[in-house]
There are 2 protein chains.
Amino acid sequence: MTYCVAIRMDAGLCFVSDSRTNAGLDNVSTYSKMYAYGVPGERQLVVLSSGNLATTQGVIGQIKKDVKQGSVEGFSRVRSLEEAADYVGAVSLQQQAKHTGGGKSFEASFIIGGQIQGGKHAAFLIYPQGNHITTSRDTSFLQIGESKYGKPILDRMISQDIPLETAALSGLVSMDSTMRSNLSVGPPIEVLMYYTNSLLVERRYRFEDSSEYLRKLNAAWDKSLREAFGKMPPIAWSQAWDQVDSASEN
Amino acid sequence: MTYCVAIRMDAGLCFVSDSRTNAGLDNVSTYSKMYAYGVPGERQLVVLSSGNLATTQGVIGQIKKDVKQGSVEGFSRVRSLEEAADYVGAVSLQQQAKHTGGGKSFEASFIIGGQIQGGKHAAFLIYPQGNHITTSRDTSFLQIGESKYGKPILDRMISQDIPLETAALSGLVSMDSTMRSNLSVGPPIEVLMYYTNSLLVERRYRFEDSSEYLRKLNAAWDKSLREAFGKMPPIAWSQAWDQVDSASEN
């Protein structure tokens, strides 16, 4: 599996992805799932991918080819993020059908986000069927892959008005939680931050397996959670027992 | 869906379960998923259930009937927790097959835990196929139902040596996270704590939808997490940019 998340807030966009792929437990590899294309001052586009590796590699390959050839519908010439999302959806469907005629096991999901001059910054989730959804004021993040383990922390922490640094930390903690609970998600972890209207990607980082920072973050988070439990209101057991049927069987 | 968790530690056992059942989004009901049977000083058995509601109600009904009739294999006479787990597995298979001949949509999972005089306290997870697993020194909790959202907090917090109160709080936070991320899990929340060798259930609590305590816990946890983020090591962005390819496409 995979775990990727994109967070859209007023201040910008934050992307976090893992790099583990597997086809069975004894066929585990490492591939980046983050692809970034940009023309400083004009456009920045980031794609995260999840699903069948042949499909996702085919899609990213086609995107690169279209950039090189300057295709009208490609990343270098597309006029809006929504058009870019439509394009990724179409390429995904082509790739799924290319060798096999398609089918559930060739499916892939993508997130695309960024900004094109004259438009707003945004993120889209592209389903295996090629259609897409975007974020809203109330739904500020999109996830693909093994998304459940890391969702609670995002549900609690993410809103439109947080700074990018908080979003990046939330994304990393969400990733850390997922890696801890699920073997199929693993480092290197990539993080990319995009500041609204900058039309530049200044911050992209790759945390290796041996990353001292990831280790520190994990330890600090564990410690904070333990401290947090110390501050929770104690369960009101004294009232408790009165409120339930005290018969031996209920 | 459902979310139930049982935690086994040296100090005892802690059980947490929700009470929401649904068959489609417009057919939502409330049923307790925790059944406790005990003879003070002799045995305490707790069952949590998840899956097809007709099956789980049939199983609990049969367990109660066998207790009333004093069946040898029933909860009132069974000699060990493992036997009790075998018995629940057998009853589950009977109920699944009773009206329908069985099939995936009639499946149910159970957790049984407790202690019988002369034996150790323990918990078992019973699969829809009737077989079961138990906890170990390294795996101190068992989950059934919608288990992914609530797993990271348990993975971080639970070990053999924690006090029961910490386990109960962890279970409640795990439940709170699950409710927040998944509509099909909801209150009332039931919590039962069993102290090793007590052979008594002194603490069982039901938190209603309107529970002031659950509201407080949720707010306190949110606040603690926000504070925790303030204490995380800042991402070392200065090193970051040097370490990745700074070409516009990578």
# chains A, B, ... in the order shown; residues from 1 in each chain; ligands from 1
$ interface_residues --of "chain B" --to "chain A" --cutoff "8 Å" --atoms "only C-alpha atoms" --output "ChimeraX atom specification"
/B:35-40,148-152,155-157,166,169-170,177-178,180-181,202-206,213,216-217,220-222,224-226,228-229,231-233,235-237,240-241,243-244,248-250
$ residues_around --residues "Cys4 (chain B)" --least-positions-apart "4" --cutoff "6 Å" --atoms "only C-alpha atoms" --output "compact mmCIF listing (two decimals) with N, CA and C atoms, in the first residue's frame"
# COMPACT_ATOMS: atom_id res chain seq x y z
N VAL B 16 -13.86 -1.70 25.99
CA VAL B 16 -14.57 -0.50 25.53
C VAL B 16 -15.36 -0.85 24.28
N SER B 17 -16.62 -0.44 24.23
CA SER B 17 -17.43 -0.72 23.03
C SER B 17 -18.38 0.42 22.73
N GLN B 143 -8.89 -5.88 18.79
CA GLN B 143 -9.93 -4.99 18.29
C GLN B 143 -10.85 -5.75 17.35
N ILE B 144 -12.13 -5.38 17.32
CA ILE B 144 -13.03 -5.87 16.28
C ILE B 144 -13.81 -4.68 15.72
$ select_by_dssp --residues "region 94-202 of chain B" --states "strand (DSSP E)" --output "MDAnalysis selection string"
chainID B and resid 108:116 122:126 132:134 141:145 189:195
$ write_last_selection --atoms "N, CA and C atoms" --output "short mmCIF file (atom, residue, chain, number, x, y, z; two decimals), in the first residue's frame"
data_model
loop_
_atom_site.label_atom_id
_atom_site.label_comp_id
_atom_site.auth_asym_id
_atom_site.auth_seq_id
_atom_site.Cartn_x
_atom_site.Cartn_y
_atom_site.Cartn_z
N ALA B 108 -19.91 -12.66 12.03
CA ALA B 108 -19.74 -11.84 13.23
C ALA B 108 -18.43 -12.18 13.89
N SER B 109 -17.84 -11.19 14.59
CA SER B 109 -16.62 -11.41 15.35
C SER B 109 -16.90 -11.10 16.81
N PHE B 110 -16.17 -11.75 17.69
CA PHE B 110 -16.38 -11.53 19.12
C PHE B 110 -15.04 -11.39 19.84
N ILE B 111 -15.09 -10.68 20.95
CA ILE B 111 -13.98 -10.71 21.89
C ILE B 111 -14.54 -11.25 23.19
N ILE B 112 -13.85 -12.19 23.79
CA ILE B 112 -14.26 -12.63 25.12
C ILE B 112 -13.07 -12.47 26.05
N GLY B 113 -13.34 -11.97 27.25
CA GLY B 113 -12.27 -11.79 28.21
C GLY B 113 -12.79 -11.95 29.61
N GLY B 114 -11.90 -12.12 30.56
CA GLY B 114 -12.30 -12.24 31.95
C GLY B 114 -11.37 -13.15 32.70
N GLN B 115 -11.90 -13.78 33.73
CA GLN B 115 -11.09 -14.69 34.54
C GLN B 115 -12.01 -15.71 35.21
N ILE B 116 -11.52 -16.93 35.30
CA ILE B 116 -12.24 -17.98 36.03
C ILE B 116 -11.33 -18.48 37.13
N ALA B 122 -7.53 -13.28 30.88
CA ALA B 122 -7.12 -13.34 29.47
C ALA B 122 -8.22 -12.77 28.58
N ALA B 123 -7.87 -12.54 27.33
CA ALA B 123 -8.85 -12.11 26.33
C ALA B 123 -8.59 -12.85 25.03
N PHE B 124 -9.65 -13.17 24.32
CA PHE B 124 -9.57 -13.87 23.03
C PHE B 124 -10.39 -13.13 21.99
N LEU B 125 -9.89 -13.15 20.76
CA LEU B 125 -10.66 -12.64 19.64
C LEU B 125 -11.15 -13.84 18.85
N ILE B 126 -12.47 -13.91 18.63
CA ILE B 126 -13.05 -15.05 17.91
C ILE B 126 -13.46 -14.62 16.51
N HIS B 132 -9.92 -18.81 17.18
CA HIS B 132 -9.60 -17.62 17.98
C HIS B 132 -8.11 -17.42 18.21
N ILE B 133 -7.77 -16.18 18.56
CA ILE B 133 -6.40 -15.83 18.96
C ILE B 133 -6.48 -15.14 20.31
N THR B 134 -5.35 -15.06 20.99
CA THR B 134 -5.34 -14.36 22.27
C THR B 134 -4.25 -13.30 22.26
N PHE B 141 -3.56 -5.80 23.05
CA PHE B 141 -4.98 -5.45 22.84
C PHE B 141 -5.53 -6.15 21.61
N LEU B 142 -6.85 -6.33 21.62
CA LEU B 142 -7.57 -6.95 20.52
C LEU B 142 -8.68 -6.01 20.09
N GLN B 143 -8.89 -5.88 18.79
CA GLN B 143 -9.93 -4.99 18.29
C GLN B 143 -10.85 -5.75 17.35
N ILE B 144 -12.13 -5.38 17.32
CA ILE B 144 -13.03 -5.87 16.28
C ILE B 144 -13.81 -4.68 15.72
N GLY B 145 -14.30 -4.83 14.50
CA GLY B 145 -15.07 -3.76 13.87
C GLY B 145 -14.17 -2.77 13.16
N ILE B 189 -21.16 4.82 24.78
CA ILE B 189 -19.91 4.08 24.90
C ILE B 189 -19.91 3.34 26.23
N GLU B 190 -19.58 2.08 26.20
CA GLU B 190 -19.49 1.34 27.46
C GLU B 190 -18.04 0.99 27.78
N VAL B 191 -17.73 1.09 29.05
CA VAL B 191 -16.37 0.77 29.52
C VAL B 191 -16.51 -0.17 30.71
N LEU B 192 -15.72 -1.22 30.69
CA LEU B 192 -15.72 -2.14 31.84
C LEU B 192 -14.27 -2.42 32.22
N MET B 193 -13.99 -2.31 33.51
CA MET B 193 -12.63 -2.59 33.99
C MET B 193 -12.66 -3.76 34.94
N TYR B 194 -11.71 -4.67 34.74
CA TYR B 194 -11.61 -5.84 35.59
C TYR B 194 -10.20 -5.91 36.20
N TYR B 195 -10.13 -5.95 37.51
CA TYR B 195 -8.83 -6.04 38.19
C TYR B 195 -8.44 -7.51 38.38
#
$ select_by_dssp --residues "region 24-226 of chain A" --states "alpha helix (DSSP H)" --output "PyMOL selection string"
chain A and resi 53-69+81-98+151-157+164-181+212-226
$ write_last_selection --atoms "C-alpha atoms" --output "short mmCIF file (atom, residue, chain, number, x, y, z; two decimals), in the first residue's frame"
data_model
loop_
_atom_site.label_atom_id
_atom_site.label_comp_id
_atom_site.auth_asym_id
_atom_site.auth_seq_id
_atom_site.Cartn_x
_atom_site.Cartn_y
_atom_site.Cartn_z
CA LEU A 53 2.72 0.59 -9.58
CA ALA A 54 2.79 -0.13 -13.32
CA THR A 55 -0.19 2.21 -13.75
CA THR A 56 1.23 5.01 -11.60
CA GLN A 57 4.63 4.78 -13.29
CA GLY A 58 2.89 4.78 -16.66
CA VAL A 59 0.92 7.89 -15.71
CA ILE A 60 3.94 9.81 -14.42
CA GLY A 61 5.90 8.70 -17.50
CA GLN A 62 3.19 10.03 -19.79
CA ILE A 63 2.98 13.30 -17.85
CA LYS A 64 6.74 13.79 -18.31
CA LYS A 65 6.55 12.89 -21.99
CA ASP A 66 3.75 15.40 -22.55
CA VAL A 67 5.76 18.09 -20.75
CA LYS A 68 8.75 17.36 -22.98
CA GLN A 69 6.63 17.49 -26.11
CA LEU A 81 -5.60 22.97 -11.98
CA GLU A 82 -8.97 21.51 -12.79
CA GLU A 83 -7.87 20.93 -16.37
CA ALA A 84 -4.70 19.32 -15.00
CA ALA A 85 -6.85 17.02 -12.84
CA ASP A 86 -8.99 16.09 -15.85
CA TYR A 87 -5.81 15.36 -17.78
CA VAL A 88 -4.36 13.11 -15.04
CA GLY A 89 -7.70 11.27 -14.87
CA ALA A 90 -7.66 10.69 -18.63
CA VAL A 91 -4.02 9.53 -18.62
CA SER A 92 -4.80 7.19 -15.72
CA LEU A 93 -7.69 5.59 -17.61
CA GLN A 94 -5.49 5.17 -20.70
CA GLN A 95 -2.75 3.52 -18.67
CA GLN A 96 -5.14 1.22 -16.85
CA ALA A 97 -6.56 0.03 -20.16
CA LYS A 98 -3.29 0.01 -22.12
CA LYS A 151 -7.08 10.35 9.68
CA PRO A 152 -7.95 11.06 13.35
CA ILE A 153 -4.96 13.34 13.90
CA LEU A 154 -5.79 15.28 10.72
CA ASP A 155 -9.47 15.50 11.67
CA ARG A 156 -8.43 17.12 14.92
CA MET A 157 -5.62 19.37 13.76
CA LEU A 164 1.98 25.55 6.85
CA GLU A 165 4.42 24.36 9.51
CA THR A 166 1.55 22.96 11.62
CA ALA A 167 0.13 21.23 8.55
CA ALA A 168 3.52 19.67 7.78
CA LEU A 169 3.93 18.45 11.36
CA SER A 170 0.36 17.07 11.36
CA GLY A 171 1.06 15.31 8.09
CA LEU A 172 4.28 13.81 9.46
CA VAL A 173 2.61 12.64 12.67
CA SER A 174 -0.25 11.20 10.60
CA MET A 175 2.38 9.38 8.49
CA ASP A 176 4.27 8.22 11.58
CA SER A 177 1.06 6.79 13.08
CA THR A 178 0.29 4.98 9.84
CA MET A 179 3.79 3.50 9.55
CA ARG A 180 3.61 2.27 13.10
CA SER A 181 0.25 0.55 12.59
CA GLU A 212 17.34 11.53 12.96
CA TYR A 213 14.50 13.99 12.64
CA LEU A 214 11.81 11.30 12.18
CA ARG A 215 13.19 9.44 15.20
CA LYS A 216 13.10 12.62 17.29
CA LEU A 217 9.59 13.46 16.12
CA ASN A 218 8.36 9.98 16.98
CA ALA A 219 9.92 10.12 20.46
CA ALA A 220 8.67 13.65 21.14
CA TRP A 221 5.16 12.73 20.03
CA ASP A 222 5.10 9.61 22.22
CA LYS A 223 6.27 11.65 25.17
CA SER A 224 3.68 14.36 24.56
CA LEU A 225 0.86 11.82 24.31
CA ARG A 226 1.89 10.25 27.58
#
$ atom_distance --atom1 "CA of Gly186 (chain A)" --atom2 "CA of Phe15 (chain A)"
15.8 Å
$ residues_around --residues "Pro187 (chain A)" --least-positions-apart "4" --cutoff "7 Å" --atoms "only C-alpha atoms" --output "list in words"
Asp18, Ser19, Arg20, Glu208 and Asp209 of chain A
$ closest_residue --among "B:Val47, B:Ala6, B:Val28, B:Met1" --to "Ile158 (chain B)" --atoms "only C-alpha atoms"
B:Ala6
